[in-house]
Amino acid sequence: MRAPKNMLVTGGCGFIGSAFVRFLLRAQGSVARVVNLDLLTYAANPDNVAEYATDPRYVLVQGDIGDQALVARLCEEHAIDTIVHFAAESHVDRSILGPLVFVETNVVGTVKLLEVVRARPGLHFHHVSTDEVYGSLGPEGLFTETTRYQPNSPYAASKAASDHLVRAYAHTYGLSVTLSNCSNNYGPYQFPEKLVPLMILNMLEQKPLPVYGDGLNVRDWLHVDDHAEAIWAIVTRGARGETYNVGGRSERTNLDLLRMLIDEVARQTGTSADGLGALMRFVADRPGHDRRYAIDCDRIERELGFTPRHDLAGGIAATVRWYLENGGWIERVRSGAYRQWIEANYGDRDARAA
Ligand code: NAD
Ligand code: DAU
């Protein structure tokens, strides 16, 4: 059993990292210090942790995981005993358009962090990764912790490389590490390039709802707060050197999930589900689009006693409510760089229609 006291969280202003920081500061009284190291890229928003901005336990540092001198100084100054590593480029579509930054951040950035940990053998390092490293499933079967790696997108390949490096450092240099490979997260504070917030916000603005390909690709959905709890279970109770798959046992086709979102937005805004459904557009498929992900989460349930608290219907209803009630947050993240990028790369989204 590990008892983290002074923690360095990388990427703690992103979607999942910020959920983890809020979870630590809200629910883990034994944690004395949370240092959030985040480069504040387009995907970050310090507002995601605004409620703890003045908490004496919390420190936000704008910086790069690749800055070894900075990371070493933070570990020294704050007597860090545990690093939880979320920072990454995380969007598959962006990795298809421009893979290099994914290698720079996800692979080289992770190695540079590991180099700092190598000089501090007492530190525990938890690496947050994805089910996408396992590739794509047919209609049957589940990803287990021993499924062969077969990443298909530049994003997935960069995460796979980082997983291998974490394991190799642990094996070669005797570092204390744990790893988790999780399915698709949804919930509040997710940047609106990803499916769930993109669809909700487009519905609210009466914009087209772009469905890639035939919409029958399957994802397994987990509420982000459940992911935060799963990571805590692994960091504190997971076996050294081991990997745990995390999932929600909530497989849905994209079309089924979109119909759920449409019904929920219609219900909460008092608009017509048929009218929102008419916004749906089948557009050209994502190149190399993985057909199905599904996680066998037996290990984390059996060994660490973790099960998700949220069921998908309740979690989606709460998520829609959050986006309806947080217009200010949405406006801030949708301004500037994000808009320019969308216009430059997806201005012709409808022109790509199949
Ligand atoms: P995100 O894109 O919302 O946030 C990433 C954060 O990392 C941002 O705050 C960004 O500023 C920061 N960052 C990027 N480069 C950095 C650098 N060089 N130095 C410091 N900070 C940097 O991502 P997310 O969806 O919260 O994903 C977090 C982690 O979880 C990633 O490692 C991702 O691969 C993994 N993951 C995500 C999902 C999902 O469904 N979103 C599922 C499984 C695993
Ligand atoms: O499985 C875990 C992964 O889930 C994480 O590792 C990634 O960081 C995270 O981004 C997510 O990847 P996906 O590619 O599955 O998520 P995304 O929200 O981009 O897409 C979900 C599905 O919806 C996918 O099949 C593509 C489809 N899609 C997506 C968008 C943005 C659409 O049909 N239309 C869209 O506009």
# chains A, B, ... in the order shown; residues from 1 in each chain; ligands from 1
$ closest_atom_pairs --of "chain A" --to "ligand 2" --cutoff "8 Å" --atoms "only C-alpha atoms and all ligand atoms" --output "JSON lines"
{"residue": "A:Glu89", "atom": "CA", "partner": "ligand 2", "partner_atom_place_in_ligand_line": "8 (O)", "distance": 7.7}
{"residue": "A:Ser90", "atom": "CA", "partner": "ligand 2", "partner_atom_place_in_ligand_line": "8 (O)", "distance": 4.1}
{"residue": "A:His91", "atom": "CA", "partner": "ligand 2", "partner_atom_place_in_ligand_line": "10 (O)", "distance": 4.5}
{"residue": "A:Val92", "atom": "CA", "partner": "ligand 2", "partner_atom_place_in_ligand_line": "14 (O)", "distance": 5.2}
{"residue": "A:Asp93", "atom": "CA", "partner": "ligand 2", "partner_atom_place_in_ligand_line": "19 (O)", "distance": 6.6}
{"residue": "A:Ser129", "atom": "CA", "partner": "ligand 2", "partner_atom_place_in_ligand_line": "6 (O)", "distance": 6.9}
{"residue": "A:Thr130", "atom": "CA", "partner": "ligand 2", "partner_atom_place_in_ligand_line": "6 (O)", "distance": 4.4}
{"residue": "A:Asp131", "atom": "CA", "partner": "ligand 2", "partner_atom_place_in_ligand_line": "1 (O)", "distance": 5.2}
{"residue": "A:Glu132", "atom": "CA", "partner": "ligand 2", "partner_atom_place_in_ligand_line": "1 (O)", "distance": 5.3}
{"residue": "A:Tyr155", "atom": "CA", "partner": "ligand 2", "partner_atom_place_in_ligand_line": "8 (O)", "distance": 7.9}
{"residue": "A:Ala156", "atom": "CA", "partner": "ligand 2", "partner_atom_place_in_ligand_line": "6 (O)", "distance": 7.2}
{"residue": "A:Cys182", "atom": "CA", "partner": "ligand 2", "partner_atom_place_in_ligand_line": "2 (C)", "distance": 6.2}
{"residue": "A:Ser183", "atom": "CA", "partner": "ligand 2", "partner_atom_place_in_ligand_line": "1 (O)", "distance": 4.2}
{"residue": "A:Asn184", "atom": "CA", "partner": "ligand 2", "partner_atom_place_in_ligand_line": "4 (O)", "distance": 4.0}
{"residue": "A:Asn185", "atom": "CA", "partner": "ligand 2", "partner_atom_place_in_ligand_line": "4 (O)", "distance": 6.6}
{"residue": "A:Glu193", "atom": "CA", "partner": "ligand 2", "partner_atom_place_in_ligand_line": "31 (C)", "distance": 5.7}
{"residue": "A:Lys194", "atom": "CA", "partner": "ligand 2", "partner_atom_place_in_ligand_line": "18 (O)", "distance": 3.6}
{"residue": "A:Leu195", "atom": "CA", "partner": "ligand 2", "partner_atom_place_in_ligand_line": "18 (O)", "distance": 3.7}
{"residue": "A:Val196", "atom": "CA", "partner": "ligand 2", "partner_atom_place_in_ligand_line": "18 (O)", "distance": 6.5}
{"residue": "A:Leu198", "atom": "CA", "partner": "ligand 2", "partner_atom_place_in_ligand_line": "36 (O)", "distance": 6.7}
{"residue": "A:Met199", "atom": "CA", "partner": "ligand 2", "partner_atom_place_in_ligand_line": "36 (O)", "distance": 7.3}
{"residue": "A:Leu209", "atom": "CA", "partner": "ligand 2", "partner_atom_place_in_ligand_line": "36 (O)", "distance": 7.1}
{"residue": "A:Pro210", "atom": "CA", "partner": "ligand 2", "partner_atom_place_in_ligand_line": "36 (O)", "distance": 4.9}
{"residue": "A:Val211", "atom": "CA", "partner": "ligand 2", "partner_atom_place_in_ligand_line": "33 (O)", "distance": 3.7}
{"residue": "A:Tyr212", "atom": "CA", "partner": "ligand 2", "partner_atom_place_in_ligand_line": "33 (O)", "distance": 3.8}
{"residue": "A:Gly213", "atom": "CA", "partner": "ligand 2", "partner_atom_place_in_ligand_line": "33 (O)", "distance": 7.1}
{"residue": "A:Gly215", "atom": "CA", "partner": "ligand 2", "partner_atom_place_in_ligand_line": "33 (O)", "distance": 6.0}
{"residue": "A:Asn217", "atom": "CA", "partner": "ligand 2", "partner_atom_place_in_ligand_line": "25 (O)", "distance": 5.2}
{"residue": "A:Val218", "atom": "CA", "partner": "ligand 2", "partner_atom_place_in_ligand_line": "25 (O)", "distance": 6.5}
{"residue": "A:Arg219", "atom": "CA", "partner": "ligand 2", "partner_atom_place_in_ligand_line": "15 (O)", "distance": 6.4}
{"residue": "A:Asp220", "atom": "CA", "partner": "ligand 2", "partner_atom_place_in_ligand_line": "1 (O)", "distance": 7.4}
{"residue": "A:Asn254", "atom": "CA", "partner": "ligand 2", "partner_atom_place_in_ligand_line": "23 (O)", "distance": 5.7}
{"residue": "A:Asp285", "atom": "CA", "partner": "ligand 2", "partner_atom_place_in_ligand_line": "33 (O)", "distance": 7.8}
{"residue": "A:Arg286", "atom": "CA", "partner": "ligand 2", "partner_atom_place_in_ligand_line": "26 (C)", "distance": 7.1}
{"residue": "A:His289", "atom": "CA", "partner": "ligand 2", "partner_atom_place_in_ligand_line": "25 (O)", "distance": 6.8}
{"residue": "A:Asp290", "atom": "CA", "partner": "ligand 2", "partner_atom_place_in_ligand_line": "25 (O)", "distance": 7.0}
{"residue": "A:Arg291", "atom": "CA", "partner": "ligand 2", "partner_atom_place_in_ligand_line": "25 (O)", "distance": 7.2}
{"residue": "A:Tyr293", "atom": "CA", "partner": "ligand 2", "partner_atom_place_in_ligand_line": "1 (O)", "distance": 6.9}
$ write_last_selection --atoms "N, CA and C atoms" --output "mmCIF file, in the first residue's frame"
data_model
loop_
_atom_site.group_PDB
_atom_site.id
_atom_site.type_symbol
_atom_site.label_atom_id
_atom_site.label_comp_id
_atom_site.auth_asym_id
_atom_site.auth_seq_id
_atom_site.Cartn_x
_atom_site.Cartn_y
_atom_site.Cartn_z
ATOM 1 N N GLU A 89 -0.501 14.853 -25.986
ATOM 2 C CA GLU A 89 -1.397 15.226 -27.073
ATOM 3 C C GLU A 89 -2.383 14.074 -27.164
ATOM 4 N N SER A 90 -3.692 14.379 -27.159
ATOM 5 C CA SER A 90 -4.662 13.304 -26.919
ATOM 6 C C SER A 90 -5.679 13.088 -28.034
ATOM 7 N N HIS A 91 -5.670 13.908 -29.086
ATOM 8 C CA HIS A 91 -6.769 13.801 -30.056
ATOM 9 C C HIS A 91 -6.337 13.068 -31.331
ATOM 10 N N VAL A 92 -7.006 11.966 -31.624
ATOM 11 C CA VAL A 92 -6.634 11.104 -32.751
ATOM 12 C C VAL A 92 -6.639 11.879 -34.079
ATOM 13 N N ASP A 93 -7.677 12.681 -34.318
ATOM 14 C CA ASP A 93 -7.761 13.417 -35.592
ATOM 15 C C ASP A 93 -6.561 14.349 -35.775
ATOM 16 N N SER A 129 -2.487 5.691 -19.642
ATOM 17 C CA SER A 129 -2.509 5.390 -21.071
ATOM 18 C C SER A 129 -3.905 4.951 -21.525
ATOM 19 N N THR A 130 -3.954 4.425 -22.728
ATOM 20 C CA THR A 130 -5.228 4.270 -23.431
ATOM 21 C C THR A 130 -5.423 2.851 -23.956
ATOM 22 N N ASP A 131 -6.690 2.485 -24.148
ATOM 23 C CA ASP A 131 -6.976 1.172 -24.755
ATOM 24 C C ASP A 131 -6.613 1.153 -26.242
ATOM 25 N N GLU A 132 -6.373 2.340 -26.833
ATOM 26 C CA GLU A 132 -6.096 2.384 -28.277
ATOM 27 C C GLU A 132 -4.782 1.697 -28.638
ATOM 28 N N TYR A 155 -1.449 8.752 -32.875
ATOM 29 C CA TYR A 155 -1.673 8.961 -31.427
ATOM 30 C C TYR A 155 -1.472 7.656 -30.669
ATOM 31 N N ALA A 156 -2.168 6.591 -31.124
ATOM 32 C CA ALA A 156 -2.102 5.312 -30.414
ATOM 33 C C ALA A 156 -0.668 4.782 -30.400
ATOM 34 N N CYS A 182 -6.998 2.914 -20.351
ATOM 35 C CA CYS A 182 -8.421 3.190 -20.124
ATOM 36 C C CYS A 182 -9.173 3.421 -21.437
ATOM 37 N N SER A 183 -10.466 3.189 -21.373
ATOM 38 C CA SER A 183 -11.350 3.398 -22.522
ATOM 39 C C SER A 183 -11.769 4.876 -22.600
ATOM 40 N N ASN A 184 -12.717 5.181 -23.482
ATOM 41 C CA ASN A 184 -13.143 6.578 -23.720
ATOM 42 C C ASN A 184 -13.788 7.200 -22.486
ATOM 43 N N ASN A 185 -13.292 8.361 -22.125
ATOM 44 C CA ASN A 185 -13.864 9.106 -20.985
ATOM 45 C C ASN A 185 -14.866 10.145 -21.484
ATOM 46 N N GLU A 193 -13.447 19.207 -28.935
ATOM 47 C CA GLU A 193 -13.042 18.567 -30.193
ATOM 48 C C GLU A 193 -13.441 17.087 -30.151
ATOM 49 N N LYS A 194 -13.692 16.559 -28.938
ATOM 50 C CA LYS A 194 -14.011 15.142 -28.771
ATOM 51 C C LYS A 194 -15.503 14.926 -28.959
ATOM 52 N N LEU A 195 -15.901 13.690 -29.261
ATOM 53 C CA LEU A 195 -17.263 13.398 -29.708
ATOM 54 C C LEU A 195 -18.364 13.968 -28.801
ATOM 55 N N VAL A 196 -18.308 13.679 -27.505
ATOM 56 C CA VAL A 196 -19.447 14.020 -26.642
ATOM 57 C C VAL A 196 -19.661 15.539 -26.545
ATOM 58 N N LEU A 198 -18.476 17.898 -28.447
ATOM 59 C CA LEU A 198 -18.687 18.469 -29.783
ATOM 60 C C LEU A 198 -20.151 18.328 -30.195
ATOM 61 N N MET A 199 -20.712 17.144 -29.968
ATOM 62 C CA MET A 199 -22.105 16.924 -30.372
ATOM 63 C C MET A 199 -23.061 17.773 -29.525
ATOM 64 N N LEU A 209 -24.203 17.673 -37.039
ATOM 65 C CA LEU A 209 -23.596 16.683 -36.136
ATOM 66 C C LEU A 209 -22.842 15.680 -37.011
ATOM 67 N N PRO A 210 -21.497 15.833 -37.139
ATOM 68 C CA PRO A 210 -20.750 15.008 -38.108
ATOM 69 C C PRO A 210 -20.478 13.598 -37.587
ATOM 70 N N VAL A 211 -21.048 12.606 -38.256
ATOM 71 C CA VAL A 211 -20.827 11.208 -37.883
ATOM 72 C C VAL A 211 -19.842 10.613 -38.881
ATOM 73 N N TYR A 212 -18.711 10.126 -38.382
ATOM 74 C CA TYR A 212 -17.696 9.569 -39.290
ATOM 75 C C TYR A 212 -18.155 8.202 -39.826
ATOM 76 N N GLY A 213 -17.980 8.006 -41.131
ATOM 77 C CA GLY A 213 -18.265 6.695 -41.729
ATOM 78 C C GLY A 213 -19.732 6.319 -41.546
ATOM 79 N N GLY A 215 -21.010 5.284 -38.665
ATOM 80 C CA GLY A 215 -21.446 5.552 -37.288
ATOM 81 C C GLY A 215 -21.551 4.292 -36.439
ATOM 82 N N ASN A 217 -18.981 2.394 -35.445
ATOM 83 C CA ASN A 217 -17.784 2.123 -34.629
ATOM 84 C C ASN A 217 -18.214 2.093 -33.165
ATOM 85 N N VAL A 218 -17.568 1.224 -32.395
ATOM 86 C CA VAL A 218 -17.991 1.018 -31.002
ATOM 87 C C VAL A 218 -16.902 1.520 -30.054
ATOM 88 N N ARG A 219 -17.324 2.237 -29.027
ATOM 89 C CA ARG A 219 -16.428 2.676 -27.965
ATOM 90 C C ARG A 219 -17.030 2.267 -26.617
ATOM 91 N N ASP A 220 -16.158 2.116 -25.604
ATOM 92 C CA ASP A 220 -16.616 1.756 -24.260
ATOM 93 C C ASP A 220 -16.456 3.011 -23.393
ATOM 94 N N ASN A 254 -21.296 4.624 -32.081
ATOM 95 C CA ASN A 254 -21.352 6.093 -32.053
ATOM 96 C C ASN A 254 -22.769 6.586 -32.305
ATOM 97 N N ASP A 285 -15.087 9.079 -43.472
ATOM 98 C CA ASP A 285 -14.573 8.389 -42.293
ATOM 99 C C ASP A 285 -13.189 8.903 -41.901
ATOM 100 N N ARG A 286 -12.875 8.744 -40.624
ATOM 101 C CA ARG A 286 -11.505 9.014 -40.137
ATOM 102 C C ARG A 286 -10.578 7.986 -40.797
ATOM 103 N N HIS A 289 -9.786 4.390 -39.164
ATOM 104 C CA HIS A 289 -10.697 4.434 -38.013
ATOM 105 C C HIS A 289 -10.857 3.064 -37.348
ATOM 106 N N ASP A 290 -10.447 2.931 -36.090
ATOM 107 C CA ASP A 290 -10.612 1.661 -35.371
ATOM 108 C C ASP A 290 -12.090 1.341 -35.216
ATOM 109 N N ARG A 291 -12.454 0.072 -35.472
ATOM 110 C CA ARG A 291 -13.872 -0.295 -35.489
ATOM 111 C C ARG A 291 -14.450 -0.440 -34.078
ATOM 112 N N TYR A 293 -13.566 -0.822 -29.715
ATOM 113 C CA TYR A 293 -12.765 -0.980 -28.492
ATOM 114 C C TYR A 293 -13.685 -1.523 -27.408
#
$ closest_atom_pairs --of "range 168-238 of chain A" --to "range 42-47 of chain A" --cutoff "9 Å" --atoms "only C-alpha atoms" --output "JSON lines"
{"residue": "A:Tyr189", "atom": "CA", "partner": "A:Asn45", "partner_atom": "CA", "distance": 8.7}
{"residue": "A:Gln190", "atom": "CA", "partner": "A:Ala43", "partner_atom": "CA", "distance": 8.7}
{"residue": "A:Phe191", "atom": "CA", "partner": "A:Ala43", "partner_atom": "CA", "distance": 6.2}
$ write_last_selection --atoms "N, CA and C atoms" --output "mmCIF file, in the first residue's frame"
data_model
loop_
_atom_site.group_PDB
_atom_site.id
_atom_site.type_symbol
_atom_site.label_atom_id
_atom_site.label_comp_id
_atom_site.auth_asym_id
_atom_site.auth_seq_id
_atom_site.Cartn_x
_atom_site.Cartn_y
_atom_site.Cartn_z
ATOM 1 N N TYR A 189 -15.917 19.441 -18.452
ATOM 2 C CA TYR A 189 -14.608 20.054 -18.740
ATOM 3 C C TYR A 189 -13.868 19.374 -19.887
ATOM 4 N N GLN A 190 -14.553 18.630 -20.760
ATOM 5 C CA GLN A 190 -13.827 18.010 -21.882
ATOM 6 C C GLN A 190 -13.774 18.982 -23.046
ATOM 7 N N PHE A 191 -12.629 19.110 -23.637
ATOM 8 C CA PHE A 191 -12.435 20.063 -24.734
ATOM 9 C C PHE A 191 -13.320 19.668 -25.924
#
$ residues_around --residues "Ile80 in chain A" --least-positions-apart "6" --cutoff "7 Å" --atoms "only C-alpha atoms" --output "PDB file with C-alpha atoms, in the first residue's frame"
ATOM      1  CA  ASN A   6       3.412  15.134  -2.177  1.00  0.00           C
ATOM      2  CA  MET A   7       2.269  14.561  -5.715  1.00  0.00           C
ATOM      3  CA  LEU A   8       3.314  15.885  -9.116  1.00  0.00           C
TER       4      LEU A   8
END
$ atom_distance --atom1 "CA of Asn106 in chain A" --atom2 "CA of Cys13 in chain A"
16.3 Å
$ residues_around --residues "Gln68 in chain A" --least-positions-apart "3" --cutoff "7 Å" --atoms "only C-alpha atoms" --output "ChimeraX atom specification"
/A:71-72,112-113,116
$ write_last_selection --atoms "C-alpha atoms" --output "tab-separated table (two decimals), in the first residue's frame"
chain	number	residue	atom	x	y	z
A	71	VAL	CA	10.86	18.73	-13.25
A	72	ALA	CA	13.90	17.89	-11.11
A	112	LYS	CA	12.52	12.91	-20.26
A	113	LEU	CA	10.24	12.55	-17.24
A	116	VAL	CA	14.24	12.54	-13.83
$ closest_residue --among "A:Val35, A:Ala88, A:Met280, A:Ala170" --to "Ala53 in chain A" --atoms "only C-alpha atoms"
A:Val35
$ atom_distance --atom1 "CA of Thr236 in chain A" --atom2 "CA of Arg2 in chain A"
4.6 Å
$ residues_around --residues "Ala27 in chain A" --least-positions-apart "5" --cutoff "12 Å" --atoms "only C-alpha atoms" --output "list in words"
Ala19, Phe20, Val21, Arg22, Ala32, Asp225, Ala228, Glu229 and Trp232 of chain A
$ write_last_selection --atoms "N, CA and C atoms" --output "PDB file, in the first residue's frame"
ATOM      1  N   ALA A  19      -9.703  16.389 -13.527  1.00  0.00           N
ATOM      2  CA  ALA A  19     -10.637  15.599 -12.709  1.00  0.00           C
ATOM      3  C   ALA A  19      -9.872  14.906 -11.585  1.00  0.00           C
ATOM      4  N   PHE A  20      -8.655  14.454 -11.907  1.00  0.00           N
ATOM      5  CA  PHE A  20      -7.841  13.776 -10.889  1.00  0.00           C
ATOM      6  C   PHE A  20      -7.373  14.768  -9.819  1.00  0.00           C
ATOM      7  N   VAL A  21      -6.963  15.962 -10.245  1.00  0.00           N
ATOM      8  CA  VAL A  21      -6.528  16.981  -9.271  1.00  0.00           C
ATOM      9  C   VAL A  21      -7.707  17.357  -8.353  1.00  0.00           C
ATOM     10  N   ARG A  22      -8.874  17.567  -8.941  1.00  0.00           N
ATOM     11  CA  ARG A  22     -10.052  17.904  -8.103  1.00  0.00           C
ATOM     12  C   ARG A  22     -10.367  16.768  -7.134  1.00  0.00           C
ATOM     13  N   ALA A  32      -0.772  16.096   0.936  1.00  0.00           N
ATOM     14  CA  ALA A  32      -0.433  17.417   1.476  1.00  0.00           C
ATOM     15  C   ALA A  32      -0.156  18.435   0.381  1.00  0.00           C
ATOM     16  N   ASP A 225     -14.814  10.958 -13.664  1.00  0.00           N
ATOM     17  CA  ASP A 225     -14.588  10.872 -12.207  1.00  0.00           C
ATOM     18  C   ASP A 225     -14.342   9.424 -11.776  1.00  0.00           C
ATOM     19  N   ALA A 228     -10.711   8.828 -12.493  1.00  0.00           N
ATOM     20  CA  ALA A 228      -9.866   9.405 -11.435  1.00  0.00           C
ATOM     21  C   ALA A 228      -9.789   8.450 -10.235  1.00  0.00           C
ATOM     22  N   GLU A 229     -10.914   7.881  -9.854  1.00  0.00           N
ATOM     23  CA  GLU A 229     -10.910   6.944  -8.706  1.00  0.00           C
ATOM     24  C   GLU A 229     -10.119   5.684  -9.022  1.00  0.00           C
ATOM     25  N   TRP A 232      -6.469   6.384  -8.663  1.00  0.00           N
ATOM     26  CA  TRP A 232      -6.086   6.436  -7.235  1.00  0.00           C
ATOM     27  C   TRP A 232      -5.947   5.009  -6.674  1.00  0.00           C
TER      28      TRP A 232
END
$ atom_distance --atom1 "atom 21 (N, counted along the ligand's line) of ligand 1" --atom2 "CA of Gly135 in chain A"
25.4 Å
$ select_by_dssp --residues "range 34-81 of chain A" --states "strand (DSSP E)" --output "ChimeraX atom specification"
/A:34-38,58-62
$ write_last_selection --atoms "C-alpha atoms" --output "PDB file, in the first residue's frame"
ATOM      1  CA  VAL A  34      -0.449  18.675  -5.454  1.00  0.00           C
ATOM      2  CA  VAL A  35       1.900  20.263  -7.982  1.00  0.00           C
ATOM      3  CA  ASN A  36       0.204  20.556 -11.372  1.00  0.00           C
ATOM      4  CA  LEU A  37       2.777  20.791 -14.194  1.00  0.00           C
ATOM      5  CA  ASP A  38       1.038  21.764 -17.411  1.00  0.00           C
ATOM      6  CA  TYR A  58      -2.238  23.284  -4.729  1.00  0.00           C
ATOM      7  CA  VAL A  59       0.499  24.719  -6.974  1.00  0.00           C
ATOM      8  CA  LEU A  60       0.093  25.270 -10.723  1.00  0.00           C
ATOM      9  CA  VAL A  61       3.318  25.487 -12.737  1.00  0.00           C
ATOM     10  CA  GLN A  62       3.219  26.304 -16.430  1.00  0.00           C
TER      11      GLN A  62
END
$ residues_around --residues "Pro99 in chain A" --least-positions-apart "3" --cutoff "10 Å" --atoms "only C-alpha atoms" --output "CSV table (one decimal) with C-alpha atoms, in the first residue's frame"
chain,number,residue,atom,x,y,z
A,89,GLU,CA,-1.4,15.2,-27.1
A,92,VAL,CA,-6.6,11.1,-32.8
A,93,ASP,CA,-7.8,13.4,-35.6
A,94,ARG,CA,-5.0,15.9,-34.8
A,95,SER,CA,-2.4,13.1,-34.8
A,96,ILE,CA,-3.5,12.1,-38.3
A,102,PHE,CA,2.6,13.5,-30.7
A,103,VAL,CA,6.0,11.9,-30.8
A,104,GLU,CA,7.6,14.9,-29.2
A,153,SER,CA,-3.2,5.8,-35.4
A,154,PRO,CA,-0.1,8.0,-34.8
A,155,TYR,CA,-1.7,9.0,-31.4
A,157,ALA,CA,1.4,4.5,-31.6
A,158,SER,CA,2.9,7.3,-29.6
